[in-house]
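So the structure is just underneath, and the comments pick up after that.
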Amino acid sequence: RTFSRPEVHESMREHLVQPLNASLLRIFYVLNLTSVNCTHCASNFVETQTLQDVLPAMASLGSELVASVVVEPPCCWPELRPGLTYEDCFYDMVSCPAQWRGKRMCEDKIRQYEQGYDVSFDWVIDVRPDLQWKFALGDLRRFQKGHFYASYSAWSEQSDRVNLIPRDMFSIYVRAFDGPAHPGRYMCWTSSEVAEH
């Protein structure tokens, strides 16, 4: 939604990409260029961007860092677990299955890159590309391996904003919202499940 705005992608370059001090840094993009804005508003509207709209933002972060670009089609929402429809999903979780499918695609691309170039990453930073950064995440070396860092502090919430995940935990992380009995199908919380928690 806002990645193409200079104040967003320039803040990502200055406060996320540059301060990491990573010996091997690559960016894997999974882009859904069609989005419903303002899930919490009385009326939603759909905004569509093109790849041409976001290419300057990608170049700003560093063309030499781009490892993969996947552009999702505007159709084809992920299949949910049996008996669950998108109408059943709590209003704030309707887009979650599509986001988690994108995370799995990203993990596949990272794995392919590591195998193809005989390299391995220590960390994966999962970031929503529509957030403006006001401060630096900082040097990766100050984070402890084996720990998962998220922007939420509640134990029951999974952040969709920013997550710093050890690479060896990333495949577990991206499968967090698979239906346990139905791998590859996604789940979301219904309104009654949200009310219970």
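Order determines the names: the first chain of the structure tokens is A, the second B, and so forth; residues in each chain are numbered 1 upward, and ligands are numbered 1 upward as they are shown.
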Might you pull out every residue within 8 Å of Phe170 of chain A, with only C-alpha atoms counted and same-chain residues fewer than 5 positions away left off, and present them as a list in words? Glu107, Val124 and Ile165 of chain A
Can you tell me which residues surround Leu137 of chain A at a distance of at most 9 Å, considering only C-alpha atoms, apart from same-chain residues fewer than 3 positions away, and format the answer as a PyMOL selection string? chain A and resi 15-17+19-20+133+140
Residue neighbourhood Ile27 of chain A, 10 Å, only C-alpha atoms, exclusion window fewer than 6 positions, as a PyMOL selection string: chain A and resi 17+58+61-69+106+110+124-125
Take the residues from that selection and put them in a file with N, CA and C atoms, as an mmCIF file, in the first residue's frame.
```
data_model
loop_
_atom_site.group_PDB
_atom_site.id
_atom_site.type_symbol
_atom_site.label_atom_id
_atom_site.label_comp_id
_atom_site.auth_asym_id
_atom_site.auth_seq_id
_atom_site.Cartn_x
_atom_site.Cartn_y
_atom_site.Cartn_z
ATOM 1 N N VAL A 17 17.791 -1.540 6.604
ATOM 2 C CA VAL A 17 18.784 -2.207 5.763
ATOM 3 C C VAL A 17 20.210 -1.782 6.114
ATOM 4 N N MET A 58 12.266 -0.454 -4.558
ATOM 5 C CA MET A 58 13.174 -1.594 -4.473
ATOM 6 C C MET A 58 14.609 -1.153 -4.782
ATOM 7 N N LEU A 61 16.290 0.610 -1.860
ATOM 8 C CA LEU A 61 16.804 -0.270 -0.805
ATOM 9 C C LEU A 61 18.112 -0.940 -1.225
ATOM 10 N N GLY A 62 18.332 -1.012 -2.529
ATOM 11 C CA GLY A 62 19.567 -1.608 -3.040
ATOM 12 C C GLY A 62 19.287 -2.677 -4.069
ATOM 13 N N SER A 63 19.416 -2.334 -5.328
ATOM 14 C CA SER A 63 19.177 -3.309 -6.406
ATOM 15 C C SER A 63 20.076 -4.529 -6.268
ATOM 16 N N GLU A 64 21.312 -4.306 -5.801
ATOM 17 C CA GLU A 64 22.270 -5.408 -5.652
ATOM 18 C C GLU A 64 21.871 -6.380 -4.545
ATOM 19 N N LEU A 65 20.922 -5.993 -3.695
ATOM 20 C CA LEU A 65 20.479 -6.846 -2.590
ATOM 21 C C LEU A 65 19.296 -7.736 -2.961
ATOM 22 N N VAL A 66 18.655 -7.463 -4.097
ATOM 23 C CA VAL A 66 17.453 -8.204 -4.483
ATOM 24 C C VAL A 66 17.823 -9.630 -4.879
ATOM 25 N N ALA A 67 17.264 -10.593 -4.165
ATOM 26 C CA ALA A 67 17.499 -12.007 -4.446
ATOM 27 C C ALA A 67 16.328 -12.628 -5.192
ATOM 28 N N SER A 68 15.119 -12.116 -4.948
ATOM 29 C CA SER A 68 13.923 -12.726 -5.535
ATOM 30 C C SER A 68 12.774 -11.734 -5.479
ATOM 31 N N VAL A 69 11.948 -11.767 -6.515
ATOM 32 C CA VAL A 69 10.720 -10.967 -6.547
ATOM 33 C C VAL A 69 9.588 -11.884 -7.006
ATOM 34 N N CYS A 106 8.154 -16.913 0.482
ATOM 35 C CA CYS A 106 9.434 -16.300 0.807
ATOM 36 C C CYS A 106 10.404 -17.354 1.344
ATOM 37 N N ILE A 110 14.045 -18.381 -0.170
ATOM 38 C CA ILE A 110 15.273 -18.348 0.620
ATOM 39 C C ILE A 110 15.980 -19.689 0.540
ATOM 40 N N VAL A 124 16.360 -14.157 9.473
ATOM 41 C CA VAL A 124 15.381 -13.680 8.505
ATOM 42 C C VAL A 124 14.587 -12.579 9.197
ATOM 43 N N ILE A 125 14.464 -11.459 8.535
ATOM 44 C CA ILE A 125 13.622 -10.380 9.055
ATOM 45 C C ILE A 125 12.374 -10.342 8.195
#
```
At a cut-off of 12 Å, using only C-alpha atoms, what residues contact segment 172-182 of chain A? Leave out same-chain residues fewer than 3 positions from it and give the result as number ranges by chain. A: 78-84, 93, 96-108, 124-126, 148-150, 157-160, 163-169, 185-189
Can you tell me, as a list in words, what residues are no more than 10 Å from Ala57 of chain A when counting only C-alpha atoms, ignoring any on the same chain fewer than 6 positions away?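 Contacts, in chain order: Phe3, Ser4, Arg5, Pro6, Val8, His9, Glu10, Met12, Arg13 and Ser63 of chain A.
Candidate residues A:Ser11, A:Val71, A:Leu51, A:Asp122 were compared for distance to Arg26 of chain A, and the nearest is A:Asp122, using only C-alpha atoms.
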Based on the backbone DSSP call, show me all residues of segment 21-122 of chain A assigned helix (DSSP H, G or I), as an NGL selection string. :A and (51-65 or 86-88 or 91-93 or 96-117)
Shortest interatomic distance to Asp92 of chain A - which of A:Gln132, A:Thr190, A:Glu7, A:Glu14, counting only C-alpha atoms: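 Result for the nearest residue to Asp92 of chain A: A:Thr190.
Computed from the coordinates, the atom CA of Val30 of chain A to atom CA of Asp130 of chain A distance equals 12.8 Å.
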